[in-house]
file protein24.pdb (PDB, C-alpha atoms, pLDDT in the B column)
ATOM      1  CA  GLU D 398     217.126 200.286 150.995  1.00 96.00           C
ATOM      2  CA  VAL D 399     214.876 200.788 154.000  1.00 97.00           C
ATOM      3  CA  ARG D 400     213.361 197.474 154.981  1.00 98.00           C
ATOM      4  CA  LEU D 401     212.540 194.954 157.684  1.00 98.00           C
ATOM      5  CA  VAL D 402     213.270 191.262 157.250  1.00 98.00           C
ATOM      6  CA  GLU D 403     211.748 188.740 159.640  1.00 98.00           C
ATOM      7  CA  SER D 404     213.004 185.230 160.213  1.00 98.00           C
ATOM      8  CA  GLY D 405     212.621 182.398 162.683  1.00 98.00           C
ATOM      9  CA  GLY D 406     209.144 181.179 161.831  1.00 97.00           C
ATOM     10  CA  GLY D 407     208.356 177.579 161.091  1.00 97.00           C
ATOM     11  CA  LEU D 408     206.510 174.512 162.288  1.00 97.00           C
ATOM     12  CA  VAL D 409     206.465 173.930 166.038  1.00 97.00           C
ATOM     13  CA  GLN D 410     204.536 171.532 168.242  1.00 97.00           C
ATOM     14  CA  PRO D 411     202.009 172.771 170.801  1.00 97.00           C
ATOM     15  CA  GLY D 412     203.814 173.754 173.965  1.00 97.00           C
ATOM     16  CA  GLY D 413     206.977 174.603 172.076  1.00 97.00           C
ATOM     17  CA  SER D 414     208.921 177.838 171.757  1.00 98.00           C
ATOM     18  CA  LEU D 415     210.233 180.022 168.963  1.00 98.00           C
ATOM     19  CA  ARG D 416     212.273 183.188 168.713  1.00 98.00           C
ATOM     20  CA  LEU D 417     211.459 185.483 165.838  1.00 98.00           C
ATOM     21  CA  SER D 418     213.993 187.987 164.548  1.00 98.00           C
ATOM     22  CA  CYS D 419     213.528 191.164 162.558  1.00 98.00           C
ATOM     23  CA  GLU D 420     216.602 192.740 161.009  1.00 98.00           C
ATOM     24  CA  ALA D 421     216.257 196.378 160.015  1.00 98.00           C
ATOM     25  CA  SER D 422     218.257 197.998 157.255  1.00 98.00           C
ATOM     26  CA  GLY D 423     218.411 201.535 155.939  1.00 97.00           C
ATOM     27  CA  PHE D 424     217.509 203.073 159.298  1.00 97.00           C
ATOM     28  CA  SER D 425     218.263 202.626 162.985  1.00 97.00           C
ATOM     29  CA  ILE D 426     215.733 200.964 165.271  1.00 95.00           C
ATOM     30  CA  ASN D 427     217.218 203.235 167.946  1.00 94.00           C
ATOM     31  CA  ASP D 428     215.176 206.038 166.402  1.00 94.00           C
ATOM     32  CA  HIS D 429     211.845 204.261 166.585  1.00 95.00           C
ATOM     33  CA  PHE D 430     209.309 202.380 168.608  1.00 95.00           C
ATOM     34  CA  MET D 431     208.972 198.935 167.055  1.00 97.00           C
ATOM     35  CA  HIS D 432     206.036 196.530 167.120  1.00 98.00           C
ATOM     36  CA  TRP D 433     205.038 192.973 166.331  1.00 98.00           C
ATOM     37  CA  VAL D 434     201.648 192.438 164.697  1.00 98.00           C
ATOM     38  CA  ARG D 435     200.241 189.068 163.714  1.00 98.00           C
ATOM     39  CA  GLN D 436     197.585 187.826 161.314  1.00 98.00           C
ATOM     40  CA  SER D 437     196.084 184.367 161.578  1.00 97.00           C
ATOM     41  CA  PRO D 438     195.078 182.694 158.292  1.00 95.00           C
ATOM     42  CA  GLY D 439     192.039 184.434 156.859  1.00 94.00           C
ATOM     43  CA  LYS D 440     191.729 186.681 159.911  1.00 96.00           C
ATOM     44  CA  GLY D 441     192.411 190.265 160.843  1.00 97.00           C
ATOM     45  CA  LEU D 442     195.406 192.033 162.319  1.00 98.00           C
ATOM     46  CA  LEU D 443     196.261 191.627 165.994  1.00 98.00           C
ATOM     47  CA  TRP D 444     198.715 193.932 167.739  1.00 98.00           C
ATOM     48  CA  VAL D 445     201.142 191.755 169.724  1.00 98.00           C
ATOM     49  CA  SER D 446     203.775 193.896 171.419  1.00 98.00           C
ATOM     50  CA  HIS D 447     205.811 197.084 171.316  1.00 96.00           C
ATOM     51  CA  SER D 448     209.360 198.037 172.244  1.00 95.00           C
ATOM     52  CA  THR D 449     210.398 201.614 172.885  1.00 91.00           C
ATOM     53  CA  ASN D 450     213.656 203.256 171.898  1.00 88.00           C
ATOM     54  CA  HIS D 451     214.153 204.897 175.275  1.00 86.00           C
ATOM     55  CA  GLY D 452     214.246 201.910 177.584  1.00 80.00           C
ATOM     56  CA  THR D 453     210.767 202.049 179.050  1.00 88.00           C
ATOM     57  CA  THR D 454     208.819 198.896 179.736  1.00 93.00           C
ATOM     58  CA  PRO D 455     207.486 197.119 176.645  1.00 95.00           C
ATOM     59  CA  THR D 456     203.825 196.190 176.519  1.00 96.00           C
ATOM     60  CA  TYR D 457     201.989 193.111 175.326  1.00 97.00           C
ATOM     61  CA  ALA D 458     198.523 192.156 174.147  1.00 96.00           C
ATOM     62  CA  ASP D 459     196.479 190.978 177.122  1.00 95.00           C
ATOM     63  CA  SER D 460     195.845 187.618 175.480  1.00 93.00           C
ATOM     64  CA  LEU D 461     199.563 186.927 175.055  1.00 95.00           C
ATOM     65  CA  GLU D 462     201.090 188.510 178.146  1.00 94.00           C
ATOM     66  CA  GLY D 463     203.193 186.080 180.152  1.00 95.00           C
ATOM     67  CA  ARG D 464     204.077 183.932 177.152  1.00 97.00           C
ATOM     68  CA  ILE D 465     205.980 186.396 174.990  1.00 97.00           C
ATOM     69  CA  THR D 466     208.957 188.716 175.410  1.00 97.00           C
ATOM     70  CA  ILE D 467     210.038 191.461 173.043  1.00 97.00           C
ATOM     71  CA  SER D 468     213.610 192.687 172.945  1.00 96.00           C
ATOM     72  CA  ARG D 469     216.014 194.557 170.729  1.00 95.00           C
ATOM     73  CA  ASP D 470     219.732 194.462 169.974  1.00 94.00           C
ATOM     74  CA  THR D 471     220.680 197.910 168.792  1.00 92.00           C
ATOM     75  CA  ALA D 472     224.179 196.797 167.786  1.00 95.00           C
ATOM     76  CA  LYS D 473     222.625 194.293 165.380  1.00 97.00           C
ATOM     77  CA  ASN D 474     219.743 196.649 164.527  1.00 97.00           C
ATOM     78  CA  THR D 475     217.443 193.719 165.207  1.00 98.00           C
ATOM     79  CA  LEU D 476     214.139 193.232 167.023  1.00 98.00           C
ATOM     80  CA  TYR D 477     213.170 189.911 168.592  1.00 98.00           C
ATOM     81  CA  LEU D 478     210.052 188.152 169.830  1.00 98.00           C
ATOM     82  CA  GLN D 479     210.430 185.169 172.129  1.00 98.00           C
ATOM     83  CA  MET D 480     207.280 183.058 172.200  1.00 98.00           C
ATOM     84  CA  ASN D 481     206.714 180.233 174.685  1.00 98.00           C
ATOM     85  CA  SER D 482     203.958 177.708 175.438  1.00 97.00           C
ATOM     86  CA  LEU D 483     202.677 178.021 171.890  1.00 97.00           C
ATOM     87  CA  THR D 484     199.171 176.845 171.024  1.00 97.00           C
ATOM     88  CA  VAL D 485     197.442 176.214 167.699  1.00 97.00           C
ATOM     89  CA  GLU D 486     195.803 179.633 168.121  1.00 97.00           C
ATOM     90  CA  ASP D 487     199.232 181.232 167.757  1.00 98.00           C
ATOM     91  CA  THR D 488     199.429 180.053 164.145  1.00 98.00           C
ATOM     92  CA  ALA D 489     199.839 183.247 162.141  1.00 98.00           C
ATOM     93  CA  VAL D 490     202.055 185.417 160.025  1.00 98.00           C
ATOM     94  CA  TYR D 491     204.054 187.632 162.367  1.00 98.00           C
ATOM     95  CA  TYR D 492     204.954 191.080 161.060  1.00 98.00           C
ATOM     96  CA  CYS D 493     207.649 193.376 162.375  1.00 98.00           C
ATOM     97  CA  VAL D 494     206.500 197.007 162.133  1.00 98.00           C
ATOM     98  CA  ARG D 495     208.155 200.406 162.466  1.00 98.00           C
ATOM     99  CA  ASP D 496     206.327 203.229 164.269  1.00 96.00           C
ATOM    100  CA  SER D 497     207.176 206.593 162.721  1.00 92.00           C
ATOM    101  CA  PRO D 498     206.004 207.977 165.254  1.00 86.00           C
ATOM    102  CA  HIS D 499     202.714 208.497 167.013  1.00 86.00           C
ATOM    103  CA  SER D 500     201.264 205.172 165.978  1.00 87.00           C
ATOM    104  CA  ARG D 501     202.003 205.575 162.280  1.00 93.00           C
ATOM    105  CA  PHE D 502     202.963 202.035 161.310  1.00 97.00           C
ATOM    106  CA  ASP D 503     204.757 203.041 158.152  1.00 96.00           C
ATOM    107  CA  LEU D 504     207.106 200.148 157.429  1.00 98.00           C
ATOM    108  CA  TRP D 505     206.164 196.461 157.567  1.00 98.00           C
ATOM    109  CA  GLY D 506     208.303 193.417 157.027  1.00 98.00           C
ATOM    110  CA  GLN D 507     207.150 190.680 154.687  1.00 97.00           C
ATOM    111  CA  GLY D 508     206.175 188.546 157.683  1.00 98.00           C
ATOM    112  CA  THR D 509     207.274 185.166 158.972  1.00 98.00           C
ATOM    113  CA  LEU D 510     204.815 182.274 159.226  1.00 98.00           C
ATOM    114  CA  VAL D 511     204.509 180.428 162.514  1.00 98.00           C
ATOM    115  CA  THR D 512     202.572 177.170 162.368  1.00 98.00           C
ATOM    116  CA  VAL D 513     201.744 175.402 165.616  1.00 98.00           C
ATOM    117  CA  SER D 514     200.643 171.853 164.964  1.00 97.00           C
ATOM    118  CA  SER D 515     201.257 168.337 166.165  1.00 95.00           C
TER     119      SER D 515
ATOM    120  CA  GLN L 176     191.636 195.235 175.389  1.00 71.00           C
ATOM    121  CA  SER L 177     188.696 194.609 173.057  1.00 85.00           C
ATOM    122  CA  ALA L 178     189.048 194.978 169.309  1.00 92.00           C
ATOM    123  CA  LEU L 179     187.678 198.148 167.795  1.00 97.00           C
ATOM    124  CA  THR L 180     184.362 197.673 166.001  1.00 98.00           C
ATOM    125  CA  GLN L 181     184.261 197.935 162.215  1.00 98.00           C
ATOM    126  CA  PRO L 182     181.582 196.792 159.776  1.00 98.00           C
ATOM    127  CA  ALA L 183     182.530 193.476 158.234  1.00 98.00           C
ATOM    128  CA  SER L 184     181.871 194.733 154.728  1.00 98.00           C
ATOM    129  CA  VAL L 185     180.976 197.810 152.744  1.00 98.00           C
ATOM    130  CA  SER L 186     180.419 198.265 149.049  1.00 97.00           C
ATOM    131  CA  GLY L 187     180.068 201.033 146.534  1.00 97.00           C
ATOM    132  CA  SER L 188     180.059 201.726 142.837  1.00 97.00           C
ATOM    133  CA  PRO L 189     182.904 203.415 140.980  1.00 97.00           C
ATOM    134  CA  GLY L 190     182.819 207.165 141.517  1.00 97.00           C
ATOM    135  CA  GLN L 191     180.788 206.980 144.701  1.00 97.00           C
ATOM    136  CA  SER L 192     181.996 207.733 148.232  1.00 98.00           C
ATOM    137  CA  ILE L 193     182.015 205.242 151.069  1.00 98.00           C
ATOM    138  CA  THR L 194     182.741 205.579 154.761  1.00 98.00           C
ATOM    139  CA  ILE L 195     184.083 202.915 157.096  1.00 98.00           C
ATOM    140  CA  SER L 196     183.494 203.440 160.798  1.00 98.00           C
ATOM    141  CA  CYS L 197     185.693 202.373 163.676  1.00 98.00           C
ATOM    142  CA  THR L 198     184.154 202.502 167.141  1.00 98.00           C
ATOM    143  CA  GLY L 199     186.081 202.269 170.367  1.00 98.00           C
ATOM    144  CA  THR L 200     185.934 203.884 173.768  1.00 97.00           C
ATOM    145  CA  SER L 201     187.201 206.955 175.563  1.00 96.00           C
ATOM    146  CA  SER L 202     190.227 204.851 176.555  1.00 97.00           C
ATOM    147  CA  ASP L 203     191.369 204.442 172.987  1.00 97.00           C
ATOM    148  CA  VAL L 204     189.764 206.087 169.932  1.00 97.00           C
ATOM    149  CA  GLY L 205     188.166 208.919 171.876  1.00 97.00           C
ATOM    150  CA  GLY L 206     191.075 209.564 174.197  1.00 97.00           C
ATOM    151  CA  TYR L 207     193.954 210.221 171.817  1.00 97.00           C
ATOM    152  CA  ASP L 208     194.664 211.582 168.361  1.00 97.00           C
ATOM    153  CA  ARG L 209     196.269 208.258 167.479  1.00 97.00           C
ATOM    154  CA  VAL L 210     193.915 206.449 165.111  1.00 98.00           C
ATOM    155  CA  SER L 211     195.483 205.078 161.947  1.00 98.00           C
ATOM    156  CA  TRP L 212     194.025 203.230 158.977  1.00 98.00           C
ATOM    157  CA  TYR L 213     195.598 200.467 156.884  1.00 98.00           C
ATOM    158  CA  GLN L 214     194.810 199.069 153.472  1.00 98.00           C
ATOM    159  CA  GLN L 215     195.629 195.440 152.775  1.00 98.00           C
ATOM    160  CA  TYR L 216     195.314 193.584 149.494  1.00 98.00           C
ATOM    161  CA  PRO L 217     195.244 189.777 149.547  1.00 94.00           C
ATOM    162  CA  VAL L 218     198.616 188.241 150.359  1.00 88.00           C
ATOM    163  CA  THR L 219     200.317 191.608 150.774  1.00 95.00           C
ATOM    164  CA  VAL L 220     201.446 193.625 153.775  1.00 97.00           C
ATOM    165  CA  PRO L 221     199.283 196.438 155.154  1.00 98.00           C
ATOM    166  CA  LYS L 222     199.877 200.010 154.030  1.00 98.00           C
ATOM    167  CA  VAL L 223     199.173 203.064 156.175  1.00 98.00           C
ATOM    168  CA  MET L 224     196.573 205.344 154.591  1.00 98.00           C
ATOM    169  CA  ILE L 225     195.751 207.704 157.483  1.00 98.00           C
ATOM    170  CA  TYR L 226     197.517 208.433 160.778  1.00 98.00           C
ATOM    171  CA  GLU L 227     196.892 210.675 163.780  1.00 97.00           C
ATOM    172  CA  ASP L 228     193.173 210.530 162.987  1.00 98.00           C
ATOM    173  CA  THR L 229     193.254 212.742 159.887  1.00 98.00           C
ATOM    174  CA  LYS L 230     196.756 212.963 158.412  1.00 97.00           C
ATOM    175  CA  ARG L 231     197.577 211.424 155.068  1.00 97.00           C
ATOM    176  CA  PRO L 232     201.108 210.149 154.331  1.00 96.00           C
ATOM    177  CA  SER L 233     202.809 211.462 151.238  1.00 95.00           C
ATOM    178  CA  GLY L 234     201.966 209.330 148.260  1.00 96.00           C
ATOM    179  CA  VAL L 235     198.491 208.393 149.458  1.00 97.00           C
ATOM    180  CA  SER L 236     195.698 209.635 147.226  1.00 97.00           C
ATOM    181  CA  ASN L 237     193.727 212.613 148.532  1.00 97.00           C
ATOM    182  CA  ARG L 238     190.619 210.536 147.856  1.00 98.00           C
ATOM    183  CA  PHE L 239     191.302 209.006 151.270  1.00 98.00           C
ATOM    184  CA  SER L 240     190.410 211.062 154.335  1.00 98.00           C
ATOM    185  CA  GLY L 241     190.040 210.441 158.039  1.00 98.00           C
ATOM    186  CA  SER L 242     187.817 211.999 160.661  1.00 98.00           C
ATOM    187  CA  LYS L 243     186.711 211.389 164.214  1.00 98.00           C
ATOM    188  CA  SER L 244     183.753 212.211 166.420  1.00 97.00           C
ATOM    189  CA  GLY L 245     183.805 211.112 170.020  1.00 97.00           C
ATOM    190  CA  ASN L 246     184.717 207.445 170.207  1.00 98.00           C
ATOM    191  CA  THR L 247     184.164 206.754 166.506  1.00 98.00           C
ATOM    192  CA  ALA L 248     186.734 207.304 163.790  1.00 98.00           C
ATOM    193  CA  SER L 249     185.913 207.124 160.110  1.00 98.00           C
ATOM    194  CA  LEU L 250     187.733 206.528 156.854  1.00 98.00           C
ATOM    195  CA  THR L 251     186.126 208.035 153.769  1.00 98.00           C
ATOM    196  CA  ILE L 252     187.096 207.091 150.242  1.00 98.00           C
ATOM    197  CA  SER L 253     185.742 209.416 147.598  1.00 98.00           C
ATOM    198  CA  GLY L 254     185.627 208.800 143.860  1.00 98.00           C
ATOM    199  CA  LEU L 255     185.735 205.056 144.440  1.00 98.00           C
ATOM    200  CA  GLN L 256     187.957 203.125 142.043  1.00 98.00           C
ATOM    201  CA  ALA L 257     188.310 199.420 141.349  1.00 97.00           C
ATOM    202  CA  GLU L 258     191.815 199.488 142.815  1.00 97.00           C
ATOM    203  CA  ASP L 259     190.369 200.508 146.193  1.00 98.00           C
ATOM    204  CA  GLU L 260     188.889 197.044 146.664  1.00 98.00           C
ATOM    205  CA  ALA L 261     190.790 195.696 149.668  1.00 98.00           C
ATOM    206  CA  ASP L 262     190.549 195.093 153.392  1.00 98.00           C
ATOM    207  CA  TYR L 263     190.778 198.115 155.668  1.00 98.00           C
ATOM    208  CA  TYR L 264     191.786 198.125 159.319  1.00 98.00           C
ATOM    209  CA  CYS L 265     191.709 200.865 161.918  1.00 98.00           C
ATOM    210  CA  CYS L 266     194.144 200.921 164.811  1.00 98.00           C
ATOM    211  CA  SER L 267     194.277 203.030 167.967  1.00 98.00           C
ATOM    212  CA  TYR L 268     196.672 203.723 170.797  1.00 97.00           C
ATOM    213  CA  THR L 269     195.130 202.981 174.201  1.00 97.00           C
ATOM    214  CA  SER L 270     195.330 204.234 177.769  1.00 96.00           C
ATOM    215  CA  GLN L 271     197.164 201.023 178.735  1.00 95.00           C
ATOM    216  CA  ASN L 272     200.078 202.059 176.479  1.00 95.00           C
ATOM    217  CA  LYS L 273     199.009 199.316 174.104  1.00 97.00           C
ATOM    218  CA  TRP L 274     197.493 199.331 170.643  1.00 97.00           C
ATOM    219  CA  VAL L 275     194.340 197.705 169.307  1.00 98.00           C
ATOM    220  CA  PHE L 276     193.130 196.994 165.766  1.00 98.00           C
ATOM    221  CA  GLY L 277     189.622 196.826 164.453  1.00 98.00           C
ATOM    222  CA  GLY L 278     188.288 193.580 163.058  1.00 97.00           C
ATOM    223  CA  GLY L 279     188.698 194.773 159.495  1.00 98.00           C
ATOM    224  CA  THR L 280     186.308 195.804 156.732  1.00 98.00           C
ATOM    225  CA  LYS L 281     186.179 194.250 153.290  1.00 98.00           C
ATOM    226  CA  LEU L 282     185.503 196.896 150.664  1.00 98.00           C
ATOM    227  CA  THR L 283     183.876 195.688 147.463  1.00 98.00           C
ATOM    228  CA  VAL L 284     183.730 197.938 144.415  1.00 97.00           C
ATOM    229  CA  LEU L 285     180.652 196.904 142.484  1.00 95.00           C
TER     230      LEU L 285
END
call {"tool": "encode", "arguments": {"input": "protein24.pdb", "output": "structure tokens"}}
result
Amino acid sequence: EVRLVESGGGLVQPGGSLRLSCEASGFSINDHFMHWVRQSPGKGLLWVSHSTNHGTTPTYADSLEGRITISRDTAKNTLYLQMNSLTVEDTAVYYCVRDSPHSRFDLWGQGTLVTVSS
Amino acid sequence: QSALTQPASVSGSPGQSITISCTGTSSDVGGYDRVSWYQQYPVTVPKVMIYEDTKRPSGVSNRFSGSKSGNTASLTISGLQAEDEADYYCCSYTSQNKWVFGGGTKLTVL
């Protein structure tokens, strides 16, 4: 079955860190750009970051740059998102997304909820 | 990196056609053939309905179509059905090698 499964979300205090994981099955992330997209409660979609499959520099949303790092482990077929200095505004469901290609976000994980609260 | 501009809500009666606009700039919507549209029901993950401005993935009803003029892309749903009631988001690739979504449009079928 072709799918993406995120993990690593949870409750974290302001200023804390989390690393989200996204394990792909049924296809190789080596064949695709991969993205993280988030959705705050009751709000719209926000593109967070992308990782290429040919080693070029990843990019980040302007509002998050400097606090997040995207990476991939092709041996584990897994995408990661390291998030630091979290604030309450980072509370959201974080989706892992496959790009197939040319900005066609055709496969989404079920999302992992990150809650930043004291 | 400003969000693309979509109307907050649109509505239509069953059988009618509606169009949702998505306005950006020449650095995103107008600069590339990379606008996509997503349908999202409450508490579900988004589903791609249109990609590369006008292309429809297999399995998506031909009642959904995409177009673009200048810096504004549009999603048209013809023969509106109750099941089309959902949130719709546009997304575009940008000149900064980043992506940007619109704010989303809530479609109500009257």
call {"tool": "interface_residues", "arguments": {"input": "protein24.pdb", "of": "chain D", "to": "chain L", "cutoff": "9 Å", "atoms": "all atoms listed in the file", "output": "list in words"}}
result
Lys440, Gly441, Leu442, Leu443, Trp444, Val445, Ser446, His447, Pro455, Thr456, Tyr457, Ala458, Asp459, Ser460, Tyr492, His499, Ser500, Arg501, Phe502, Asp503, Leu504, Trp505, Gly506, Gln507 and Gly508 of chain D
call {"tool": "closest_residue", "arguments": {"input": "protein24.pdb", "among": "L:Gln191, L:Gln181, L:Thr283, L:Thr198", "to": "L:Ile252", "atoms": "all atoms listed in the file"}}
result
L:Gln191
call {"tool": "resolve_selection", "arguments": {"input": "protein24.pdb", "expression": "the PyMOL selection byres ((chain D and resi 402) around 6)", "output": "JSON, numbers by chain"}}
result
{"D": [401, 403, 419, 420, 506]}
call {"tool": "residues_around", "arguments": {"input": "protein24.pdb", "residues": "L:Ser202", "least_positions_apart": "4", "cutoff": "6 Å", "atoms": "only C-alpha atoms", "output": "list in words"}}
result
Gly206, Thr269 and Ser270 of chain L
call {"tool": "atom_distance", "arguments": {"input": "protein24.pdb", "atom1": "atom CA of D:Asp428", "atom2": "atom CA of D:Thr475"}}
result
12.6 Å
call {"tool": "closest_residue", "arguments": {"input": "protein24.pdb", "among": "D:Thr466, D:Thr488, D:Thr449, D:Ser414", "to": "D:His429", "atoms": "all atoms listed in the file"}}
result
D:Thr449
call {"tool": "atom_distance", "arguments": {"input": "protein24.pdb", "atom1": "atom CA of L:Ser186", "atom2": "atom CA of L:Leu255"}}
result
9.8 Å
call {"tool": "closest_residue", "arguments": {"input": "protein24.pdb", "among": "L:Lys243, L:Gly234, L:Gln256, L:Gln215", "to": "L:Ser188", "atoms": "all atoms listed in the file"}}
result
L:Gln256
call {"tool": "closest_residue", "arguments": {"input": "protein24.pdb", "among": "D:Asp487, D:Glu398, D:Asp470, D:Glu462", "to": "D:Gly413", "atoms": "all atoms listed in the file"}}
result
D:Asp487
call {"tool": "atom_distance", "arguments": {"input": "protein24.pdb", "atom1": "atom CA of L:Asp259", "atom2": "atom CA of L:Leu282"}}
result
7.5 Å
call {"tool": "residues_around", "arguments": {"input": "protein24.pdb", "residues": "D:Met431", "least_positions_apart": "3", "cutoff": "6 Å", "atoms": "all atoms listed in the file", "output": "list in words"}}
result
His447, Ser448, Val494, Arg495 and Asp496 of chain D
call {"tool": "write_last_selection", "arguments": {"input": "protein24.pdb", "atoms": "C-alpha atoms", "output": "PDB file, in the coordinates of the input"}}
result
ATOM      1  CA  HIS D 447     205.811 197.084 171.316  1.00 96.00           C
ATOM      2  CA  SER D 448     209.360 198.037 172.244  1.00 95.00           C
ATOM      3  CA  VAL D 494     206.500 197.007 162.133  1.00 98.00           C
ATOM      4  CA  ARG D 495     208.155 200.406 162.466  1.00 98.00           C
ATOM      5  CA  ASP D 496     206.327 203.229 164.269  1.00 96.00           C
TER       6      ASP D 496
END
call {"tool": "resolve_selection", "arguments": {"input": "protein24.pdb", "expression": "the PyMOL selection byres ((chain D and resi 410) around 8)", "output": "ChimeraX atom specification"}}
result
/D:408-409,411-413,483,513-515
call {"tool": "resolve_selection", "arguments": {"input": "protein24.pdb", "expression": "the PyMOL selection byres ((chain D and resi 438) around 8)", "output": "list in words"}}
result
Gln436, Ser437, Gly439, Lys440, Thr488, Ala489 and Val490 of chain D
